[in-house]
Each structure stands twice: as C-alpha cells, then as structure tokens.
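As stored in start.json (JSON, C-alpha atoms):
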[["chain", "number", "residue", "atom", "x", "y", "z"],
["A", 1051, "MET", "CA", -11.32, -19.35, -7.90],
["A", 1052, "ASN", "CA", -12.63, -17.95, -11.16],
["A", 1053, "GLU", "CA", -9.75, -18.46, -13.60],
["A", 1054, "GLU", "CA", -10.60, -15.13, -15.24],
["A", 1055, "LEU", "CA", -9.24, -13.42, -12.12],
["A", 1056, "PHE", "CA", -5.74, -14.82, -12.52],
["A", 1057, "LEU", "CA", -3.12, -12.55, -14.04],
["A", 1058, "THR", "CA", -0.96, -14.16, -16.69],
["A", 1059, "GLU", "CA", 2.79, -14.21, -16.17],
["A", 1060, "GLU", "CA", 3.13, -11.38, -18.69],
["A", 1061, "GLN", "CA", 0.44, -9.31, -16.95],
["A", 1062, "THR", "CA", 2.06, -9.88, -13.56],
["A", 1063, "ASP", "CA", 5.48, -8.86, -14.87],
["A", 1064, "ALA", "CA", 4.00, -5.74, -16.46],
["A", 1065, "LEU", "CA", 2.13, -4.79, -13.28],
["A", 1066, "GLN", "CA", 5.28, -5.30, -11.24],
["A", 1067, "GLU", "CA", 7.23, -2.99, -13.55],
["A", 1068, "ILE", "CA", 4.42, -0.40, -13.56],
["A", 1069, "THR", "CA", 4.30, -0.52, -9.75],
["A", 1070, "ASN", "CA", 8.08, -0.21, -9.57],
["A", 1071, "ILE", "CA", 7.99, 2.99, -11.61],
["A", 1072, "ALA", "CA", 5.13, 4.43, -9.55],
["A", 1073, "MET", "CA", 6.75, 3.49, -6.25],
["A", 1074, "GLY", "CA", 9.94, 5.17, -7.39],
["A", 1075, "ARG", "CA", 7.99, 8.39, -7.79],
["A", 1076, "ALA", "CA", 6.41, 7.95, -4.35],
["A", 1077, "GLY", "CA", 9.79, 7.23, -2.79],
["A", 1078, "ALA", "CA", 11.29, 10.31, -4.43],
["A", 1079, "GLN", "CA", 8.53, 12.51, -2.97],
["A", 1080, "LEU", "CA", 9.00, 11.01, 0.49],
["A", 1081, "ALA", "CA", 12.78, 11.39, 0.23],
["A", 1082, "GLN", "CA", 12.31, 15.07, -0.58],
["A", 1083, "ILE", "CA", 10.05, 15.56, 2.46],
["A", 1084, "LEU", "CA", 12.37, 13.70, 4.85],
["A", 1085, "ASP", "CA", 15.65, 14.73, 3.20],
["A", 1086, "THR", "CA", 16.99, 11.18, 3.30],
["A", 1087, "PHE", "CA", 17.45, 8.30, 0.86],
["A", 1088, "ILE", "CA", 14.52, 5.86, 0.60],
["A", 1089, "LYS", "CA", 14.98, 2.18, -0.24],
["A", 1090, "LEU", "CA", 12.14, 0.35, -2.00],
["A", 1091, "SER", "CA", 11.36, -3.35, -2.07],
["A", 1092, "VAL", "CA", 10.34, -5.33, -5.14],
["A", 1093, "PRO", "CA", 6.52, -5.29, -5.37],
["A", 1094, "ARG", "CA", 4.78, -8.50, -4.28],
["A", 1095, "ILE", "CA", 1.58, -9.34, -6.14],
["A", 1096, "ASN", "CA", -1.00, -11.98, -5.16],
["A", 1097, "ILE", "CA", -4.63, -12.84, -5.86],
["A", 1098, "ILE", "CA", -6.12, -13.80, -2.50],
["A", 1099, "GLN", "CA", -9.38, -14.94, -0.93],
["A", 1100, "SER", "CA", -10.96, -12.57, 1.58],
["A", 1101, "SER", "CA", -10.70, -15.24, 4.28],
["A", 1102, "SER", "CA", -6.91, -15.33, 3.94],
["A", 1103, "ILE", "CA", -6.20, -11.60, 3.86],
["A", 1104, "SER", "CA", -4.91, -11.36, 7.44],
["A", 1105, "HIS", "CA", -2.66, -14.38, 6.92],
["A", 1106, "ASN", "CA", -1.24, -12.83, 3.75],
["A", 1107, "ILE", "CA", -0.62, -9.48, 5.42],
["A", 1108, "VAL", "CA", 1.17, -11.14, 8.34],
["A", 1109, "HIS", "CA", 3.27, -13.12, 5.85],
["A", 1110, "MET", "CA", 4.25, -9.95, 4.02],
["A", 1111, "ILE", "CA", 4.76, -7.64, 7.00],
["A", 1112, "GLY", "CA", 5.60, -10.02, 9.84],
["A", 1113, "ALA", "CA", 3.97, -10.21, 13.26],
["A", 1114, "LYS", "CA", 6.89, -9.13, 15.42],
["A", 1115, "SER", "CA", 5.33, -5.97, 16.88],
["A", 1116, "ALA", "CA", 2.21, -3.85, 17.08],
["A", 1117, "ALA", "CA", 1.35, -1.66, 14.12],
["A", 1118, "THR", "CA", -0.60, 1.47, 13.27],
["A", 1119, "ALA", "CA", -2.27, 1.81, 9.88],
["A", 1120, "ILE", "CA", -4.06, 4.38, 7.80],
["A", 1121, "ARG", "CA", -6.49, 3.60, 5.02],
["A", 1122, "GLN", "CA", -7.57, 5.45, 1.91],
["A", 1123, "SER", "CA", -10.15, 4.22, -0.57],
["A", 1124, "PHE", "CA", -10.03, 5.04, -4.28],
["A", 1125, "ASN", "CA", -12.57, 4.88, -7.10],
["A", 1126, "GLY", "CA", -12.71, 5.63, -10.79],
["A", 1127, "SER", "CA", -11.29, 3.47, -13.56],
["A", 1128, "LEU", "CA", -10.10, 1.17, -10.77],
["A", 1129, "SER", "CA", -11.39, 0.87, -7.22],
["A", 1130, "GLY", "CA", -10.10, -0.52, -3.97],
["A", 1131, "GLU", "CA", -8.40, 0.24, -0.68],
["A", 1132, "ALA", "CA", -4.87, 1.38, 0.09],
["A", 1133, "MET", "CA", -3.27, 0.91, 3.51],
["A", 1134, "VAL", "CA", -0.02, 2.28, 4.89],
["A", 1135, "VAL", "CA", 1.19, 0.25, 7.86],
["A", 1136, "TYR", "CA", 3.74, 1.67, 10.32],
["A", 1137, "ASP", "CA", 5.50, -0.16, 13.12],
["A", 1138, "GLN", "CA", 5.24, 1.25, 16.64],
["A", 1139, "HIS", "CA", 8.55, 3.14, 16.34],
["A", 1140, "GLY", "CA", 7.79, 4.64, 12.94],
["A", 1141, "CYS", "CA", 6.14, 7.82, 14.11],
["A", 1142, "ARG", "CA", 8.99, 8.84, 16.43],
["A", 1143, "ASN", "CA", 11.55, 8.40, 13.66],
["A", 1144, "LEU", "CA", 9.41, 10.38, 11.23],
["A", 1145, "ALA", "CA", 8.92, 13.12, 13.81],
["A", 1146, "ASP", "CA", 12.68, 13.41, 14.35],
["A", 1147, "LEU", "CA", 13.32, 13.69, 10.61],
["A", 1148, "MET", "CA", 10.63, 16.32, 10.21],
["A", 1149, "GLY", "CA", 12.00, 18.50, 12.99],
["A", 1150, "TYR", "CA", 9.68, 17.73, 15.88],
["A", 1151, "ASP", "CA", 11.40, 18.17, 19.25],
["A", 1152, "GLY", "CA", 10.54, 16.31, 22.41],
["A", 1153, "VAL", "CA", 7.34, 14.34, 22.88],
["A", 1154, "ILE", "CA", 4.62, 14.89, 20.30],
["A", 1155, "ASP", "CA", 0.99, 14.58, 21.32],
["A", 1156, "ARG", "CA", -1.46, 12.09, 19.85],
["A", 1157, "THR", "CA", -3.06, 14.61, 17.51],
["A", 1158, "ALA", "CA", 0.29, 15.62, 15.99],
["A", 1159, "GLU", "CA", 1.30, 11.97, 15.70],
["A", 1160, "ARG", "CA", -1.86, 11.11, 13.81],
["A", 1161, "GLU", "CA", -1.49, 14.10, 11.49],
["A", 1162, "LEU", "CA", 2.08, 13.08, 10.73],
["A", 1163, "LEU", "CA", 1.14, 9.49, 9.85],
["A", 1164, "LEU", "CA", -1.83, 10.65, 7.76],
["A", 1165, "ASP", "CA", 0.28, 13.19, 5.85],
["A", 1166, "VAL", "CA", 3.04, 10.71, 5.01],
["A", 1167, "GLY", "CA", 0.53, 8.01, 4.10],
["A", 1168, "ASN", "CA", -1.36, 10.40, 1.87],
["A", 1169, "VAL", "CA", 1.84, 11.24, -0.02],
["A", 1170, "LEU", "CA", 2.71, 7.58, -0.56],
["A", 1171, "VAL", "CA", -0.77, 6.47, -1.61],
["A", 1172, "GLY", "CA", -1.37, 9.42, -3.91],
["A", 1173, "ALA", "CA", 2.04, 9.30, -5.60],
["A", 1174, "CYS", "CA", 2.02, 5.54, -6.10],
["A", 1175, "LEU", "CA", -1.55, 4.97, -7.24],
["A", 1176, "ASN", "CA", -1.64, 8.08, -9.40],
["A", 1177, "GLY", "CA", 1.61, 6.88, -10.94],
["A", 1178, "VAL", "CA", 0.06, 3.49, -11.73],
["A", 1179, "ALA", "CA", -3.09, 5.17, -13.06],
["A", 1180, "ASP", "CA", -1.08, 7.53, -15.31],
["A", 1181, "LEU", "CA", 0.83, 4.64, -16.88],
["A", 1182, "LEU", "CA", -2.38, 2.67, -17.45],
["A", 1183, "GLY", "CA", -4.39, 5.62, -18.75],
["A", 1184, "ALA", "CA", -6.77, 5.37, -15.80],
["A", 1185, "SER", "CA", -8.25, 8.04, -13.53],
["A", 1186, "LEU", "CA", -8.71, 7.78, -9.76],
["A", 1187, "VAL", "CA", -10.50, 9.73, -7.05],
["A", 1188, "PHE", "CA", -9.34, 9.32, -3.45],
["A", 1189, "SER", "CA", -11.14, 9.58, -0.14],
["A", 1190, "ALA", "CA", -9.49, 11.44, 2.70],
["A", 1191, "PRO", "CA", -7.04, 9.22, 4.63],
["A", 1192, "THR", "CA", -8.17, 7.97, 8.03],
["A", 1193, "ILE", "CA", -6.58, 6.06, 10.90],
["A", 1194, "MET", "CA", -7.87, 2.47, 10.70],
["A", 1195, "ALA", "CA", -5.96, 0.92, 13.61],
["A", 1196, "GLU", "CA", -3.54, 2.04, 16.32],
["A", 1197, "ASN", "CA", -0.99, -0.17, 18.05],
["A", 1198, "VAL", "CA", -2.67, -3.48, 17.28],
["A", 1199, "GLU", "CA", -1.26, -6.85, 16.28],
["A", 1200, "VAL", "CA", -0.73, -7.11, 12.52],
["A", 1201, "ASP", "CA", -3.26, -9.95, 12.19],
["A", 1202, "GLN", "CA", -5.90, -7.66, 13.74],
["A", 1203, "LEU", "CA", -5.56, -4.83, 11.21],
["A", 1204, "ILE", "CA", -8.38, -6.18, 9.02],
["A", 1205, "ASN", "CA", -11.84, -7.11, 10.27],
["A", 1206, "ILE", "CA", -12.84, -9.98, 7.98],
["A", 1207, "LYS", "CA", -16.52, -9.48, 8.81],
["A", 1208, "GLN", "CA", -16.46, -6.06, 7.13],
["A", 1209, "ILE", "CA", -15.10, -7.36, 3.82],
["A", 1210, "THR", "CA", -17.70, -7.64, 1.07],
["A", 1211, "TRP", "CA", -15.59, -9.18, -1.70],
["A", 1212, "ASN", "CA", -14.57, -12.80, -2.28],
["A", 1213, "TYR", "CA", -11.21, -12.28, -3.98],
["A", 1214, "ALA", "CA", -8.82, -9.38, -4.32],
["A", 1215, "LEU", "CA", -5.52, -8.43, -5.85],
["A", 1216, "LEU", "CA", -3.03, -7.61, -3.09],
["A", 1217, "VAL", "CA", 0.07, -5.57, -3.97],
["A", 1218, "GLU", "CA", 2.69, -4.86, -1.29],
["A", 1219, "VAL", "CA", 5.75, -2.64, -1.33],
["A", 1220, "HIS", "CA", 7.74, -1.44, 1.65],
["A", 1221, "PHE", "CA", 9.90, 1.62, 2.16],
["A", 1222, "THR", "CA", 12.92, 1.79, 4.45],
["A", 1223, "LEU", "CA", 15.05, 4.78, 5.39],
["A", 1224, "GLU", "CA", 18.80, 4.60, 4.91],
["A", 1225, "ILE", "CA", 19.63, 6.50, 8.11],
["A", 1226, "ARG", "CA", 16.93, 5.26, 10.49],
["A", 1227, "ASP", "CA", 15.40, 2.01, 11.70],
["A", 1228, "PHE", "CA", 12.12, 2.69, 9.92],
["A", 1229, "THR", "CA", 9.93, 0.68, 7.59],
["A", 1230, "CYS", "CA", 6.42, 1.26, 6.35],
["A", 1231, "HIS", "CA", 4.38, -0.96, 4.06],
["A", 1232, "LEU", "CA", 2.01, 0.18, 1.34],
["A", 1233, "LEU", "CA", -0.71, -2.40, 0.66],
["A", 1234, "THR", "CA", -3.22, -2.04, -2.15],
["A", 1235, "LEU", "CA", -6.33, -4.22, -2.40],
["A", 1236, "MET", "CA", -8.50, -4.33, -5.52],
["A", 1237, "PRO", "CA", -11.66, -6.51, -5.56],
["A", 1238, "GLU", "CA", -12.84, -8.78, -8.36],
["A", 1239, "GLU", "CA", -14.40, -6.19, -10.64],
["A", 1240, "SER", "CA", -11.25, -4.07, -10.54],
["A", 1241, "ILE", "CA", -9.04, -7.06, -11.33],
["A", 1242, "LEU", "CA", -10.90, -7.58, -14.59],
["A", 1243, "ARG", "CA", -10.62, -3.88, -15.50],
["A", 1244, "LEU", "CA", -6.95, -3.91, -14.51],
["A", 1245, "GLN", "CA", -6.26, -6.84, -16.83],
["A", 1246, "LEU", "CA", -7.68, -4.91, -19.77],
["A", 1247, "ALA", "CA", -5.65, -1.83, -18.86],
["A", 1248, "ILE", "CA", -2.44, -3.85, -18.55],
["A", 1249, "ASP", "CA", -3.07, -5.54, -21.92],
["A", 1250, "ALA", "CA", -3.57, -2.12, -23.53],
["A", 1251, "PHE", "CA", -0.36, -0.89, -21.90],
["A", 1252, "MET", "CA", 1.60, -3.87, -23.24],
["A", 1253, "ASP", "CA", 0.18, -3.37, -26.73],
["A", 1254, "LYS", "CA", 1.70, 0.13, -26.76],
["A", 1255, "ILE", "CA", 5.20, -1.08, -25.90]]
In structure tokens, what does this structure look like?
Amino acid sequence: MNEELFLTEEQTDALQEITNIAMGRAGAQLAQILDTFIKLSVPRINIIQSSSISHNIVHMIGAKSAATAIRQSFNGSLSGEAMVVYDQHGCRNLADLMGYDGVIDRTAERELLLDVGNVLVGACLNGVADLLGASLVFSAPTIMAENVEVDQLINIKQITWNYALLVEVHFTLEIRDFTCHLLTLMPEESILRLQLAIDAFMDKI
C-alpha cells in the first residue's frame, strides 16, 4: 500500500472525534423522528484494499442474518459512497415507531428505509464536512440490495478503486431490537484530500 494513504495516529484520533460529533447530530435527528433514545457506537476507521471490502464489512456488521442496504454517493471537496445497512427486522421496528399499522407493502417499506437512511447520511456527512470546512453534494438514495447475505452487499467487480477509507458507526434503539450500520467509503484521492483537511482542522485547535 502507498504509505501516503495511511492516516497518522493523530489524524485517526481527530477523524474519530469529528465523526463522533457528526454522528451525534445524526443520532439526535433520528431520535427526534422516532421519539426514542438512540445509542451510538465508537466509529471504526480502516484503510482497506478493494479485494477485502466484503470481509471487512462482515467483520464489522456480522453475518448472522440477511440485510437490506441503501446507498448514496457524494462528491465535492470529498467523494465516496455511503451505505446504510439494516437487518431483516429493521423495517418492521421502524414502521411501528413511525405509526404504521399492520402489514406495510414493499413500496412503503422501501420509502421508509430510504428516508431514514437519507437522514443519517446527510446529517453525518454534512456534519463531518462542516467541521472540516468541506462542501458535499449528494445523489438521491437508492436501494442497493434487499435481503441478501452481508458478504453479498458489495459486488467487487464494480469497484474501480484499489484502496479506500472505511468508516463504520452503528445506531441502536433503546426500546427496540434494532440496529443499523452507516458505512462510508472514500477512495484514494479522497483520502489524500481528507488528510489535508484533518491537518488544517487540527491546526485550528
């Protein structure tokens, strides 16, 4: 691996703190929507090869059940892909909290997952961008996989980068058996821009 892609210990600590702050904002928005307390994990940060992405995602999320995921790309000062991964029970729990009665159809289920994912991605990544003085533009969220094994979420053949920064945080609800994972992938060119932005952020502290 190109050593220039590695984050120093100080850069990693700073990015973890920046992500913590941004995830707190995202969790607060989700808590307001669902009217329940949201627990956040400590962000996990890794530089990975494209060939090992599925292995890393399984390690972070686990492979105990099928999952559904949405994706949303972003561009601007930084570029990459964000994914929100839900377990197979996640939609039903969200639907209950948001007042849906009975069985919801597939269209409503998809809209629900897209709406929640859009809130999490936008709040978190905009929070990171604000702290780093960056600007981002987002694509519309789309369903990337439905009820598939976790190691099948990513099609390696469609990946065009060699290395990427992978950041993972998961949200759990205090009153329900619900967890969703927010994964952010930034390819090589964004890692280098991110390093400069983190250094500038640390210089201001």
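Going from CA of Leu1203 (chain A) over to CA of Ala1132 (chain A), you cover 12.8 Å.
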**OP:** Find the residue from A:Thr1157, A:Asn1176, A:Gln1099, A:Ser1091 that sits nearest to Ala1072 (chain A); use only C-alpha atoms when measuring.
**Re:** A:Asn1176
Subject >> Contacts of Ser1104 (chain A) within 10 Å, only C-alpha atoms, excl. fewer than 3 positions in-chain, as an MDAnalysis selection string >> reply: chainID A and resid 1100:1101 1107:1110 1200:1206
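Shell of Thr1062 (chain A) at 12 Å, with all atoms listed in the file counted and residues fewer than 3 places along the chain excluded, is Leu1055, Phe1056, Leu1057, Thr1058, Glu1059, Leu1065, Gln1066, Glu1067, Ile1068, Thr1069, Pro1093, Arg1094, Ile1095, Asn1096, Ile1097, Leu1215, Leu1216, Val1217, Ile1241, Leu1244, Gln1245, Ile1248, Asp1249 and Met1252 of chain A.
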For region 1194-1234 of chain A versus region 1141-1146 of chain A, which residues have an atom no more than 9 Å away, and what is each residue's nearest atom pair and distance in Å rounded to one decimal, using only C-alpha atoms, chain-then-number order, as a tab-separated table?
residue	atom	partner	partner_atom	distance
A:Arg1226	CA	A:Asn1143	CA	7.0
A:Asp1227	CA	A:Asn1143	CA	7.7
A:Phe1228	CA	A:Asn1143	CA	6.8
**OP:** Work out how far apart CA of Asn1212 (chain A) and CA of Ile1098 (chain A) are and give it in Å to one decimal.
**Re:** 8.5 Å
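Going from CA of Tyr1213 (chain A) over to CA of Met1133 (chain A), you cover 17.1 Å.
The shortest atom-to-atom distance to Leu1163 (chain A), with all atoms listed in the file taken into account, belongs to A:Tyr1136 out of A:Ala1179, A:Tyr1150, A:Tyr1136, A:Val1187.
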**OP:** Determine the nearest neighbour of Ala1117 (chain A) from the options A:Ser1129, A:Ser1189, A:Thr1086, A:Asn1197, counting all atoms listed in the file.
**Re:** A:Asn1197
**OP:** With all atoms listed in the file counted, which protein, DNA or RNA residues have an atom no more than 7 Å from (-6.0, -5.4, 0.5) in the file frame? Please answer as a VMD selection string.
**Re:** chain A and resid 1131 to 1132 1214 1216 1233 to 1236
